[in-house]
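One structure is given here, and the rest of the page talks about it.
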Amino acid sequence: MVQKRKKSKSKGIIKERKEKVLSAMRDLGGQVYGQLNKKEFPTFRMPSRSIANILYDSKTRQYILGKRTVKRSARNVRHLRPFTQLLWTAMFADELTEQNKTSTLRDVFYSAQAYEMDFQDQQESDNLITDLETVTGYSREDFNVYPEERSAIFGDLTIEYTVPGYEGRRLNLASHPDGVMIGPALTTSEFIQPDSRKVDKVIAIEKGGLFTRFIEERVHQRFKAVLIHTAGQAPRATRFLLRRLNQELDIPVYIFTDGDPWGMHIAMVIISGSANAAHLRELNTPDAIWGGVWATDIVDYKLPSDPLTDLDVKRLNELEKDPRYAGGLWQREIDTFRKVKKKSEQEAFSRYGLTYIVDEYLPKKLKIKSN
Amino acid sequence: MTVAEVFQEISAADFFYRNRDIAGFTSPSRSIYSTIRELVENSLDACETGGIPPDIYVRLSHESGPLDGPGTYIVRVEDNGIGIPSTVIPSAFGQVLYGSKYKLRQTRGTFGLGGKMALLYGQITTHSEAAITSSTGSKSRIAEVVLRIDIQQNKPVIIKNKTRTNKPHWQGTIIEFKTEADYSRAMPRILEYFKQTAIIVPYANITFVDPRGRLYKFLRGTTKVPPAPTETSPHPHGVDIETVQRMLKLTNAKSVQEFMRKNFQRIGETTARKFLQFASLGQKKNPRNLSAQDLVKLVNAMKNYDGFLSPDPTCLSPLGEDLMETGIKKELGITDQEIQSGTAFVTTLQRRPATYAGFPFIIEVGLASSKQIEMQGKILLFRFANKIPLLFDEASDVSWKVVDTEIDWRNYKVIPGETPLAVFIHVCSTKIPYKTVGKEFIADRPEVEHEILNAIREVGRNLRLYLSKREHLTQEKRRLDVFEKYLPKVAQFSTKLAKEKREPDIKPLLKGVIKYGAEEEEEQE
């Protein structure tokens, strides 16, 4: 316990952020409270999340919300219910954050019923969480509401917990060979600056099988890498973690996905964020590098492949017009996919032996400096 | 096949005995329903003829046999009607097709058949006689007759016939006899019959004591009895060759022209003359000596001539809008308070007389909406013909056709099966166009159908106004409910979120929304 005090020289990044989150919610409450005290119907404004207001910002290389705002007024009978729901959600999140308790989206739905704040369905309560994110500018994980999906991390990096009961305790992320689950506790942990001779990059992997292979092949040691298993589309907590690793430790992030339009997009969401999260910042890692599997890899390595389906082709056509895909590499790969009409999974490298991907492919790809 | 067949003349009573199905006496459960219905309707007619608010007492008591199947019962019906002279009682009850109902005016029955069928059925199923007690006024003696019907001869067999002094100055008729019945099965229909009769005869007190000793009382909502219908001669459009032939036999008119004037309604000298020119028949011809050809010519001309005045509606006795409203309100349990506060609604309408095939008719309709009305997925329809409720074969009835397929209820803001709504349709005529002898549903005569349709459209407009207003009130209430539910919560949550101690006072804000609501309503009106 005493030791813990000594270690926290300044406030940790996570603690600072938590205070900002709390004050954002207090501001919202204070604003409404003040209006009510003046016998006014309370109102507030927040950025509009309508499609027309979602813009691509080429500077930050992500989707952001434009200048349009919407006004929510307790005066309007149609607004009043969502208005109250939002306040309730804020109150709930405030309590969670203060007491360091976590909750899932499903919990939010049920907890509301205790206050006669009936949500019609899960969708409605999820929307309210998104509203609260928009109003405060913080992501739901910041106020301790987590989705169900979980991904994992592995590597020679030590973290320090901030969750109750574990405050100050440390864990080396290489201590368990299956990796460590990226849940609320890990997301709110502080990083202990690693030795740059031991860690100098992050490798995010789509597939669990390959993540395990990398650990078995000691990729973390051979390539000084922190490994992350995204388990398909990376959850927000994982995207936030990737960004922190990139910025706080100042190390590059490499992403390896299946060689198809969907895998390509997993990488893109890590790099440039999603339109759904346009109201949030600091979830993307603009400098992350998509290492593969590229369409050109399918050709160059003569990988076993499957033909593209109609759905794949349709997705390619959509991505081609997406502003996030404006870059040279992306257009080239989309073109190549369409030309060869093939896709390959990460496991396809096993054709050349189980370690080929680690021994031959990975070293080449890790030389890439940017996409 | 035998070459020679035996032809046998059968009496009217015998005919109906053999064909009792057509008069509604098919099974013990249907028969007891028909029995009660026929007797009650005779009683109601006897009261209305004298302009007397009816007091009808019906008792059905169990005699023998199972309670949950066909058994022997005693039926007793008492009324305070005009009574029957003691000399007429035997024929009136003991001879089929004898009665006072052969003239043209609106009555419930047509042939004087139903009541006697009930007696006949009782007699053949229990082999017992009927007791009739009647007095035609407070000053006359009370007649007591016990009789049975000789089916083959169609004649009453009098077992007892005597009179006694009328000390209590009583007037009315009591009939009592045994009959086979299946009350457990017939009960729902019988109760429904009484309830609907209480709607369409709102000036009657009806008491029913059922075999299990339960008392059902339907109290009158008014003592106003609609004026009795006057008797009229037939309209030329409403007769056939057989009828005209009979009329010709009986007439003492010297010429065809006089025959037309004296025997048909609303025909004067000019009309008669013009009509006979149209028929190309001599004005002076002796009506008794018309040839068969001339008879056909005359009747065909009657059908085709359009110069007659329309049928005389004074022989009709509709209920009237006020009485109909009274009946609907009392039996549906709708109070004036509910109507004033806008939570319930009743509207009635009487159309002007119209005609079909030489018969005058009047359509009366009513609409009611109230939370007491239980919807069962379809429009709730009450059908009446000459103040009789029609309970069977709804789907075949012209009223159902109009209500179900011809009216687009959405135009009146009604969601069929959801909006609590009851529709009442009353057809009055000297001849109800029943589709079958069973007298349970009315044929879709275009003239009748058209009148019903227009009547409902007319009252539908009132309904739409009511439902729109109601919708608006509901919305307004919902709106206020939202503010009342959520504003206190906004205060509570924001106080907690802002870490404040005292919740802000939101009463002024709530007051504000109520005032705003009132303004909105004024704008609408």
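Chain labels A, B, ... are given in the sequence in which chains occur in the structure tokens; within each chain residues are numbered consecutively from 1, and ligands are likewise numbered from 1 in the order shown.
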
Test item: chain B residues at most 7 Å from chain A, counting only C-alpha atoms, as an mmCIF file with N, CA and C atoms, in the first residue's frame:
```cif
data_model
loop_
_atom_site.group_PDB
_atom_site.id
_atom_site.type_symbol
_atom_site.label_atom_id
_atom_site.label_comp_id
_atom_site.auth_asym_id
_atom_site.auth_seq_id
_atom_site.Cartn_x
_atom_site.Cartn_y
_atom_site.Cartn_z
ATOM 1 N N ARG B 479 -50.001 13.820 -23.117
ATOM 2 C CA ARG B 479 -48.971 14.852 -23.120
ATOM 3 C C ARG B 479 -48.697 15.313 -21.685
ATOM 4 N N VAL B 482 -46.819 12.842 -19.620
ATOM 5 C CA VAL B 482 -45.378 12.814 -19.884
ATOM 6 C C VAL B 482 -44.672 13.857 -19.026
ATOM 7 N N TYR B 486 -42.020 12.947 -16.113
ATOM 8 C CA TYR B 486 -40.584 13.110 -16.317
ATOM 9 C C TYR B 486 -39.977 14.368 -15.689
ATOM 10 N N LYS B 489 -38.451 13.801 -12.416
ATOM 11 C CA LYS B 489 -37.238 12.993 -12.528
ATOM 12 C C LYS B 489 -36.069 13.835 -13.011
ATOM 13 N N VAL B 490 -36.356 14.737 -13.957
ATOM 14 C CA VAL B 490 -35.296 15.634 -14.427
ATOM 15 C C VAL B 490 -34.734 16.401 -13.235
ATOM 16 N N ALA B 491 -35.640 16.872 -12.368
ATOM 17 C CA ALA B 491 -35.207 17.611 -11.187
ATOM 18 C C ALA B 491 -34.354 16.717 -10.286
ATOM 19 N N PHE B 493 -32.697 13.846 -10.967
ATOM 20 C CA PHE B 493 -31.428 13.385 -11.516
ATOM 21 C C PHE B 493 -30.411 14.510 -11.615
ATOM 22 N N SER B 494 -30.910 15.693 -12.039
ATOM 23 C CA SER B 494 -29.944 16.780 -12.220
ATOM 24 C C SER B 494 -29.408 17.235 -10.866
ATOM 25 N N THR B 495 -30.249 17.198 -9.835
ATOM 26 C CA THR B 495 -29.792 17.578 -8.504
ATOM 27 C C THR B 495 -28.666 16.644 -8.061
ATOM 28 N N LEU B 497 -26.805 14.749 -9.972
ATOM 29 C CA LEU B 497 -25.659 14.850 -10.872
ATOM 30 C C LEU B 497 -24.832 16.091 -10.551
ATOM 31 N N ALA B 498 -25.528 17.175 -10.206
ATOM 32 C CA ALA B 498 -24.824 18.435 -9.921
ATOM 33 C C ALA B 498 -24.311 18.475 -8.487
ATOM 34 N N PRO B 504 -34.847 21.534 -7.298
ATOM 35 C CA PRO B 504 -35.557 22.742 -7.742
ATOM 36 C C PRO B 504 -37.078 22.495 -7.779
ATOM 37 N N PRO B 508 -44.091 25.442 -11.026
ATOM 38 C CA PRO B 508 -44.423 26.493 -12.012
ATOM 39 C C PRO B 508 -44.328 25.984 -13.446
ATOM 40 N N LEU B 509 -43.350 25.105 -13.695
ATOM 41 C CA LEU B 509 -43.205 24.583 -15.057
ATOM 42 C C LEU B 509 -44.388 23.692 -15.421
#
```

Could you pull the residues within 12 Å of Asn172 in chain A, counting only C-alpha atoms, minus those fewer than 6 positions along the same chain, as a compact mmCIF listing (two decimals) with N, CA and C atoms, in the first residue's frame?
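Result file is around.txt:
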```txt
# COMPACT_ATOMS: atom_id res chain seq x y z
N ILE A 153 -4.31 -9.32 -24.99
CA ILE A 153 -3.00 -8.70 -25.19
C ILE A 153 -1.93 -9.61 -24.59
N PHE A 154 -0.73 -9.58 -25.21
CA PHE A 154 0.38 -10.40 -24.70
C PHE A 154 1.69 -9.68 -25.04
N GLY A 155 2.62 -9.66 -24.10
CA GLY A 155 3.93 -9.07 -24.42
C GLY A 155 4.66 -8.67 -23.15
N ASP A 156 5.88 -8.27 -23.34
CA ASP A 156 6.73 -7.95 -22.18
C ASP A 156 6.50 -6.50 -21.77
N LEU A 157 5.27 -6.23 -21.34
CA LEU A 157 4.91 -4.88 -20.94
C LEU A 157 4.27 -5.01 -19.56
N THR A 158 4.62 -4.10 -18.64
CA THR A 158 4.06 -4.17 -17.31
C THR A 158 3.04 -3.06 -17.14
N ILE A 159 1.90 -3.43 -16.57
CA ILE A 159 0.85 -2.44 -16.35
C ILE A 159 0.58 -2.34 -14.85
N GLU A 160 -0.03 -1.18 -14.48
CA GLU A 160 -0.39 -0.99 -13.07
C GLU A 160 -1.88 -0.73 -13.00
N TYR A 161 -2.59 -1.57 -12.24
CA TYR A 161 -4.05 -1.47 -12.16
C TYR A 161 -4.49 -0.21 -11.43
N GLY A 179 -2.36 -14.98 -23.21
CA GLY A 179 -2.60 -13.54 -23.29
C GLY A 179 -3.50 -13.11 -22.16
N VAL A 180 -3.66 -11.81 -22.01
CA VAL A 180 -4.49 -11.27 -20.93
C VAL A 180 -5.70 -10.58 -21.56
N LEU A 186 -7.95 -3.88 -17.45
CA LEU A 186 -6.76 -3.60 -18.26
C LEU A 186 -6.88 -2.24 -18.95
N SER A 189 -5.77 0.56 -16.86
CA SER A 189 -4.45 0.43 -16.22
C SER A 189 -3.48 1.46 -16.79
N PHE A 191 0.41 2.33 -17.99
CA PHE A 191 1.57 1.57 -18.52
C PHE A 191 2.81 1.96 -17.74
N ILE A 192 3.64 0.98 -17.47
CA ILE A 192 4.98 1.27 -16.95
C ILE A 192 5.91 1.29 -18.16
N GLN A 193 6.57 2.43 -18.34
CA GLN A 193 7.40 2.62 -19.54
C GLN A 193 8.38 1.44 -19.69
N PRO A 194 8.27 0.68 -20.79
CA PRO A 194 9.15 -0.48 -20.93
C PRO A 194 10.53 -0.10 -21.46
N VAL A 226 4.55 -6.10 -28.66
CA VAL A 226 3.37 -6.39 -27.85
C VAL A 226 2.32 -6.92 -28.82
```

TODO: Can you check which residues of range 243-342 of chain B DSSP gives as alpha helix (DSSP H) on the backbone and send them as a PyMOL selection string?
DONE: chain B and resi 243-250+256-263+269-279+292-304+321-332+336-340

Task: Shell of 8 Å around range 135-139 of chain A, only C-alpha atoms, local chain residues under 6 positions omitted, as a PyMOL selection string - done: chain A and resi 21+24-25+45-47+279-281

Open item on the list: Can you pull out the residues contacting Arg148 in chain B? Cut-off 7 Å, using only C-alpha atoms, and skip same-chain residues under 3 positions away; I want them as a list of chain:residue names.
Closed with: B:Gly94, B:Glu129, B:Ala130, B:Pro156, B:Val157, B:Ile158

Keeping C-alpha atoms for every residue in the selection just given, could you write it to a file as a PDB file, in the first residue's frame?
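Here's the written file again00.pdb:
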```pdb
ATOM      1  CA  GLY B  94    -106.623 -22.761 -30.491  1.00  0.00           C
ATOM      2  CA  GLU B 129    -103.411 -28.286 -22.336  1.00  0.00           C
ATOM      3  CA  ALA B 130    -102.936 -24.530 -22.086  1.00  0.00           C
ATOM      4  CA  PRO B 156    -109.823 -25.577 -30.259  1.00  0.00           C
ATOM      5  CA  VAL B 157    -110.987 -28.230 -27.821  1.00  0.00           C
ATOM      6  CA  ILE B 158    -112.320 -26.374 -24.823  1.00  0.00           C
TER       7      ILE B 158
END
```

- [ ] Skip Ile182 in chain A itself and residues of its chain fewer than 4 positions away, then list as a PyMOL selection string all residues within 9 Å of it, counting only C-alpha atoms.
- [x] chain A and resi 150-153+186-187+237-238+241

The selected residues should be written to file as an mmCIF file, in the first residue's frame (atoms: C-alpha atoms).
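Contents of the output file part.cif:
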```cif
data_model
loop_
_atom_site.group_PDB
_atom_site.id
_atom_site.type_symbol
_atom_site.label_atom_id
_atom_site.label_comp_id
_atom_site.auth_asym_id
_atom_site.auth_seq_id
_atom_site.Cartn_x
_atom_site.Cartn_y
_atom_site.Cartn_z
ATOM 1 C CA ARG A 150 -13.376 -8.999 -25.399
ATOM 2 C CA SER A 151 -9.990 -9.217 -27.035
ATOM 3 C CA ALA A 152 -6.540 -10.045 -25.603
ATOM 4 C CA ILE A 153 -3.001 -8.700 -25.187
ATOM 5 C CA LEU A 186 -6.764 -3.599 -18.262
ATOM 6 C CA THR A 187 -8.308 -0.684 -20.111
ATOM 7 C CA ALA A 237 -11.532 -0.544 -25.589
ATOM 8 C CA THR A 238 -8.940 -2.321 -27.739
ATOM 9 C CA LEU A 241 -5.561 0.707 -25.953
#
```

TODO: Please identify all polymer residues within 7 Å of Leu349 in chain B, counting only C-alpha atoms, omitting same-chain residues fewer than 6 positions from it, and present them as a list in words.
DONE: Glu321, Glu364, Val365, Gly366 and Val459 of chain B

Open item on the list: Please list as a list of chain:residue names every residue within 10 Å of Val202 in chain A, counting only C-alpha atoms and excluding residues in the same chain fewer than 5 positions away.
Closed with: A:Ile153, A:Phe154, A:Gly155, A:His220, A:Phe223, A:Lys224, A:Ala225, A:Val226, A:Leu227, A:Ile228, A:Leu242, A:Leu245, A:Asn246, A:Ile251, A:Pro252, A:Val253, A:Tyr254, A:Ile255, A:Ala288

For the residues in that selection, give me C-alpha atoms as a PDB file, in the first residue's frame.
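Listed below is the output, out_33.pdb:
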```pdb
ATOM      1  CA  ILE A 153      -3.001  -8.700 -25.187  1.00  0.00           C
ATOM      2  CA  PHE A 154       0.384 -10.397 -24.699  1.00  0.00           C
ATOM      3  CA  GLY A 155       3.927  -9.068 -24.419  1.00  0.00           C
ATOM      4  CA  HIS A 220       7.170 -10.916 -28.840  1.00  0.00           C
ATOM      5  CA  PHE A 223      10.481  -8.861 -32.853  1.00  0.00           C
ATOM      6  CA  LYS A 224      10.217  -6.952 -29.509  1.00  0.00           C
ATOM      7  CA  ALA A 225       6.476  -6.733 -29.971  1.00  0.00           C
ATOM      8  CA  VAL A 226       3.372  -6.387 -27.853  1.00  0.00           C
ATOM      9  CA  LEU A 227       0.783  -8.691 -29.433  1.00  0.00           C
ATOM     10  CA  ILE A 228      -2.906  -7.903 -29.538  1.00  0.00           C
ATOM     11  CA  LEU A 242      -3.804   0.536 -29.336  1.00  0.00           C
ATOM     12  CA  LEU A 245       0.347   2.143 -26.775  1.00  0.00           C
ATOM     13  CA  ASN A 246       1.162   4.058 -29.929  1.00  0.00           C
ATOM     14  CA  ILE A 251       5.977   2.799 -30.795  1.00  0.00           C
ATOM     15  CA  PRO A 252       4.528   1.807 -34.177  1.00  0.00           C
ATOM     16  CA  VAL A 253       1.450  -0.390 -34.538  1.00  0.00           C
ATOM     17  CA  TYR A 254       1.221  -3.086 -37.210  1.00  0.00           C
ATOM     18  CA  ILE A 255      -2.049  -4.762 -38.134  1.00  0.00           C
ATOM     19  CA  ALA A 288      -0.949   2.342 -37.551  1.00  0.00           C
TER      20      ALA A 288
END
```

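One distance worth recording is that between CA of Thr326 in chain B and CA of Ala443 in chain B, which is 28.1 Å.
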
Task: Residue nearest Val163 in chain A among A:Asp195, A:Glu217, A:Glu98, A:Glu124 (counting only C-alpha atoms) - done: A:Glu98

Task: Residue nearest Ala234 in chain A - candidates A:Pro307, A:Gly12, A:Gly209, A:Gly273, atoms counted: only C-alpha atoms - done: A:Gly273

Open item on the list: From a backbone DSSP assignment, name each residue in range 64-302 of chain A labelled strand (DSSP E), as number ranges by chain.
Closed with: A: 64-65, 69-73, 103-104, 145-146, 151-154, 158-160, 170-172, 180-182, 190-192, 201-205, 225-229, 253-256, 289-292

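The coordinates place CA of Gly333 in chain B at 12.3 Å from CA of Ala198 in chain B.
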
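Here CA of Gly122 in chain B and CA of Tyr434 in chain B stand 26.1 Å from one another.
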